[in-house]
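Asker: If you scroll down you'll find the structure; I have some questions about it.
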Amino acid sequence: MGFREYRIGSILFGVALSSSMMITIYFPGLDISSVSSTSIALEKQLTYGKNSSFDYGDPFVQGKDKPIKVLLKKDPITGATMDDTNAYVFKPGTSLPSGLVHEHIMGAKVQALSVSLGKTNQVDESKGGVFLVQSSVKDGVETPYIEFATATRGWTVEATLAAADQQMLAGSGKTMFVREGCWWCHTLLPEETHDWQSFGRPPVVGDFNGESPTTFGSDRKAPDLLHVGSRNSSKEWMMMHFFNPRLVQPHSIMPRYDYLWGETDKQGNKIDLAKWDEEFNAYREGTRVYPPEVPEYRDDTEIRMLIDFVLNLK
Amino acid sequence: MLKYLFAKEKDIPGGSAALFFGFSCLMWFIVGTGLGSFNAAKLAFPDWFTHSYLLQFGHMRQVHVHTVIFGWIVGAFAASAMYIVPALGNTKLWSEKLGVWNCMLWNIGLMLALSTLWGGLTSGREYSDFIWPIDLYIVIFMVTPLFTNIFMTILHRRTQGIYTTNWFFAGSFFMLIVILLIGNAPEFFHLTGLNEAYMTWWFAHNVLGLLITPVAAAITYYIVPKVTGNPLYSHRVGHLHFWSIVVFYSTPAAHHLMSSPLPEWLKSFASVEGVLILVPAIAYVCNILLTMQGRWSMFVENVELKYTITGVLLAIPLNMQGGFQQTRAINWYVHGTGWIVAHAHLALLGFSTFAEAAAIYYGLQTLLRRKLYSLSLANFHFWMLLIGFSLYWVSMTIAGLIQGAAKIYEVPYLDVVIAEHPYMIVRWLGGTLVFLGNIVWLWNMYMTAKHGNKIEKGVLPHQVAYVR
Ligand code: HEM
C-alpha cells in the first residue's frame, strides 16, 4: 500500500461501514423482531404458507406448496353446527410457515400460547394438518395464538376439506400476485394519513411477522389493495376486470390477464382470444350492443387463485 | 474475444477487457432502453400487445430495470474502471485474462438472470428481484472478479498516492459485494416480515447510494481534469466527499419505507441522515465545477466534457430532491408517485448515464487508438439523450405532483389515471428518443472502431482534431 495513511484509511473505512450496519441493520432487526404477532399476522402466515415467491417448494412460481383456506359452518368430525369458522388446511408435505417452524417469529407470548393451548408443538410437516387462529383473553389483554386443530379437535385434512363450505386458494393467489407484478402498480400499504378514508386502515407493526415477501409496492399507479375485498367482493366483477379491465373501467391502464384462464373455460370449450378481441373492438366502436361474454374459469386455473387472493384481502 | 479466453496473459493486448466491457454495455444500453420504451408504451396504451404472458407490464418492468442497472450502468463502470485504474496507476490491468473472463461471465450471467426474471422466477423484492442462485452467481462470478482485478491493479500501481477516483472504485466495488451478500440475506436465510421488507430497501438504497452515484462521480473526477488539463480543484474536498458518502449515504435506507410501520426512531434517523446526503453532494458538485475554471468553453466544444458536465449539473437537482424527499411531510406527498420514478431516472438516466457516456466515449477512443468517427452524430446523440430525458423527467414529475395532490383531496383513483394519461404518452416519447439516440451511438462507435482516424502514440483523443 505504501503510505501509512492508507492503512489508517482502510481501518477507518471498516469501522465506519460496520458501525453504519450496526445502526441500520442490527438495531432495527432487534427492535422489529421483538414485536409480537397480531391475529392478522397469524392469519396471513396460515393463508400464504412459507413463501410466496421462488422457493424449493415452488421453483417455477406456480402457486404450488400452499395451504387451502376453508370456511366451515359445521364441525368436520361431529357434524354439529357452529359459527362460521376459517380453518387453514395444510395437506401432507406442504411447507409450514416460518412461525410454526422457528421459535422467534411469532413473539414470545403468542408462541407460548400456541404451544400450551394450541398444541402446535405436535405439528409434523410430512403429515399436514388443520389450523385455526384463536385468541385468549387474560387480565383484559387479548393475545392471539395458533391452534393445531388436528391435535386439539381431531380434525383431519380429508374430513375438513370434505366438510368445507368454500375453499379458497388465496395462498397460491399471493404467489400469482407476486409473479404477475401486480405490486408494480398497486400497493399493499395504505399510508397513515388521508388514505385511511379511501383505502382503509393502515397496517401495524405486528401485522407482518412471518410473511415473505411483503410486497408493499413502492409505486402507486393504481388503488391500494390491502382492503380491496371489503370494498368490492363481487367475483363476477373481478372476473370481468381481470379478463379485460376496459370492460368495466374504460380508462383503466391495468393490463389484461386473460392468459391466466388457460386454454379452455369451465365447460371445456376452447377460449378464442382473437375472436373475443374482435367482438370487443366492435363493441367499443359501437357496432355491437353488448360486450362479449367473459368465459367462466376452471377451478384449477391461475386466475381462480388470483381472484381468491384478492377477495380475501379484507 | 473468445480467442483471448485461453490465451497467455502476455498475448492479450492491454485494454481488451475494457474494450469488451465497453461494447457489451453499449448493447445492453440499447436493449434496456428499448425495453423501457416498450414498458412506457404499455402504460400509455394498455391494449397494445396483449394476451401474452411475457409481454405483460408486470413481467417486463423489472427486466428493464435490471438490464439498465447491471447491463449498462454497472457494465459501463467495469469498462471505465478497467481503463481508468491502470491509467491512474501508470501500470497495466492486473490481469487482462481475468478481465476478459469477467466480461464473458458477466454477459452470460446477465442473460441467465434476465431470462429467469422475465419468465416469472422472482424473489418478489424490488431491486433484489433475482432469485438467490442468481444472486450468488452475480457475487461470485461477476462482482468479485471485478473487484479483485481493480483492487490488485491499485496495489500494483507505479505511482505513490492513490487518486480520488480510485478510492471510489475500490471502495464501491468492495461495498457492492457486501451489499449483495447482506441485502439478499432475507432470501438466503428466509427472513420474513418487516425485517425482510426493510432489508429489501436497505439493499436497494445502498446499491444506488454506495455504488451507482459514487462511481459515476469517480468517473467525472477522472474525465474533467484529464480533458481540461486543470488539476482537481481540491483533494481535501474530495476527501470530504468520499468519507461523507461512506458515513451518511450508508445509513438512511429506511427513507424508502416512511409510510410503513417501521420503528419511529429508525424513520427519524433516516430522515436526518438523508438530509446530510447534501454534504457529499455539495462537496462533489462544487469540486468538479471549480475544476472547470478557465476552461468553460470546452463545455461547448468538447463532447466528452459536454456529457460529463451535463451529468454533474443534473446532480444538483438530483441531490436537492434526494435530500428533502425523505423529510416526512414531503415524503408523504411524493411517496409512491411518478415523482419518484422521475427522480430515479434523474439519478440513473440523467446524472450517471451522462457521466458514463462520457467515460465510454473517451475510453473507447483511447483504447482503440482511433478518433471518434463523427462529432455531429455524437452531438446528435447528446441532444437525443438530453431532450428525451428532459421530456421523461418533466412529464413524470408533473404526473407525480398530480398524484400527490390527489392524495390530499381524495380524488377517486380512476380520475387520477385519466389525468396522468397525457404525461404517460410524453414519457413514452421521451424514452423512445433516448432509445433511438443510443442506436445512433452504437453505430458511431462501430464506425470509430472501423474507420476512425488513427491516434498517434502519446497523444490523447481530445487533442486530435476532428476531420469529419
Ligand atoms: C440508462 C437509462 C435508464 C435507467 C438507468 C433506468 C432505470 C430505471 C429504474 C431504476 C426504474 C425503477 C424506478 C422506480 O422504481 O422508481 C425504472 C423504471 C422505468 N423506466 Fe427506466 N431507466 C432508464 C431508461 C429508461 C427509458 C429510456 C425509458 C423509456 C421510456 C424508461 C422507462 C421506464 C419505465 C416505463 C419504468 C417503469 C416506471 C413505473 O413503474 O412507473 N427507462 N427505470
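The way I read the labels, and the way they are meant: chains A, B, ... in the order of the C-alpha cells, residue 1 as the first residue of every chain, and ligand 1 as the first ligand shown, with later ones counted on from there.
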Ligand 1: which residues are within 6 Å, counting only C-alpha atoms and all ligand atoms? Reply as number ranges by chain.
Answerer: A: 184; B: 33, 36-37, 39-40, 61, 65, 68-69, 340-341, 344-345, 348-349, 353, 427-428, 431-432, 434-435
Asker: Contacts of Thr301 (chain A) at 12 Å or less, counting only C-alpha atoms, minus same-chain residues fewer than 4 places along, as a list of chain:residue names?
Answerer: A:Gln62, A:Gly63, A:Leu169, A:Ser172, A:Gly173, A:Met176, A:Asp258, A:Tyr259, A:Leu260, A:Trp261, A:Gly262, A:Glu263, A:Thr264, A:Asp265, A:Lys266, A:Glu296, A:Tyr297, A:Met305, A:Leu306, A:Ile307, A:Asp308
Asker: How close does each residue of chain B get to chain A, giving the shortest atom pair and distance in Å to one decimal for every residue with an atom at most 6 Å away, counting only C-alpha atoms, sorted by chain and residue number, as a Markdown table?
Answerer:
```
| residue | atom | partner | partner_atom | distance |
| --- | --- | --- | --- | --- |
| B:Pro46 | CA | A:Ile253 | CA | 5.3 |
| B:His51 | CA | A:Tyr259 | CA | 5.6 |
| B:Gly58 | CA | A:Gly181 | CA | 4.0 |
| B:Gly120 | CA | A:Arg179 | CA | 5.5 |
| B:Thr122 | CA | A:Phe54 | CA | 5.8 |
| B:Ser123 | CA | A:Ser53 | CA | 5.2 |
| B:Gly124 | CA | A:Val178 | CA | 5.6 |
| B:Thr192 | CA | A:Gly210 | CA | 4.9 |
| B:Gly193 | CA | A:Phe208 | CA | 4.5 |
| B:Thr251 | CA | A:Thr24 | CA | 5.9 |
| B:Ser259 | CA | A:Glu191 | CA | 5.4 |
| B:Pro261 | CA | A:Val205 | CA | 5.2 |
| B:Gly336 | CA | A:Asp219 | CA | 4.0 |
| B:Thr337 | CA | A:Asp219 | CA | 5.9 |
```
Asker: Write the residues you've just listed into a file as an mmCIF file, in the first residue's frame, and include N, CA and C atoms for each of them.
Answerer:
```cif
data_model
loop_
_atom_site.group_PDB
_atom_site.id
_atom_site.type_symbol
_atom_site.label_atom_id
_atom_site.label_comp_id
_atom_site.auth_asym_id
_atom_site.auth_seq_id
_atom_site.Cartn_x
_atom_site.Cartn_y
_atom_site.Cartn_z
ATOM 1 N N PRO B 46 -52.540 0.559 -22.860
ATOM 2 C CA PRO B 46 -52.535 -0.785 -22.260
ATOM 3 C C PRO B 46 -53.035 -1.881 -23.193
ATOM 4 N N HIS B 51 -52.599 -10.407 -24.385
ATOM 5 C CA HIS B 51 -52.717 -11.868 -24.400
ATOM 6 C C HIS B 51 -51.411 -12.577 -24.117
ATOM 7 N N GLY B 58 -46.113 -6.222 -15.872
ATOM 8 C CA GLY B 58 -45.594 -6.734 -14.607
ATOM 9 C C GLY B 58 -44.424 -7.694 -14.776
ATOM 10 N N GLY B 120 -40.664 -15.101 -14.973
ATOM 11 C CA GLY B 120 -41.512 -15.061 -13.782
ATOM 12 C C GLY B 120 -40.843 -15.609 -12.536
ATOM 13 N N THR B 122 -39.030 -14.998 -9.621
ATOM 14 C CA THR B 122 -38.661 -13.765 -8.946
ATOM 15 C C THR B 122 -38.661 -13.992 -7.457
ATOM 16 N N SER B 123 -37.906 -13.151 -6.750
ATOM 17 C CA SER B 123 -37.949 -13.236 -5.304
ATOM 18 C C SER B 123 -39.024 -12.297 -4.762
ATOM 19 N N GLY B 124 -39.663 -11.529 -5.636
ATOM 20 C CA GLY B 124 -40.733 -10.639 -5.189
ATOM 21 C C GLY B 124 -40.242 -9.458 -4.383
ATOM 22 N N THR B 192 -38.275 -12.942 7.365
ATOM 23 C CA THR B 192 -39.654 -12.632 6.995
ATOM 24 C C THR B 192 -40.105 -11.303 7.583
ATOM 25 N N GLY B 193 -41.315 -10.931 7.225
ATOM 26 C CA GLY B 193 -41.985 -9.792 7.850
ATOM 27 C C GLY B 193 -41.301 -8.466 7.576
ATOM 28 N N THR B 251 -26.573 5.030 5.566
ATOM 29 C CA THR B 251 -27.498 4.872 6.699
ATOM 30 C C THR B 251 -28.981 5.126 6.449
ATOM 31 N N SER B 259 -43.747 5.325 5.050
ATOM 32 C CA SER B 259 -45.165 5.181 5.354
ATOM 33 C C SER B 259 -45.479 3.802 5.929
ATOM 34 N N PRO B 261 -45.051 0.749 8.930
ATOM 35 C CA PRO B 261 -44.934 0.821 10.393
ATOM 36 C C PRO B 261 -43.569 0.388 10.925
ATOM 37 N N GLY B 336 -44.519 6.997 -3.639
ATOM 38 C CA GLY B 336 -45.329 6.121 -4.472
ATOM 39 C C GLY B 336 -45.910 6.794 -5.698
ATOM 40 N N THR B 337 -45.457 7.990 -6.022
ATOM 41 C CA THR B 337 -45.989 8.661 -7.208
ATOM 42 C C THR B 337 -44.947 8.662 -8.322
#
```
Asker: Give me the residues near Gly400 (chain B) as a VMD selection string, where near means some atom within 6 Å (using only C-alpha atoms) and where sequence neighbours in that chain fewer than 3 positions away do not count.
Answerer: chain B and resid 337 to 339 396 to 397 403
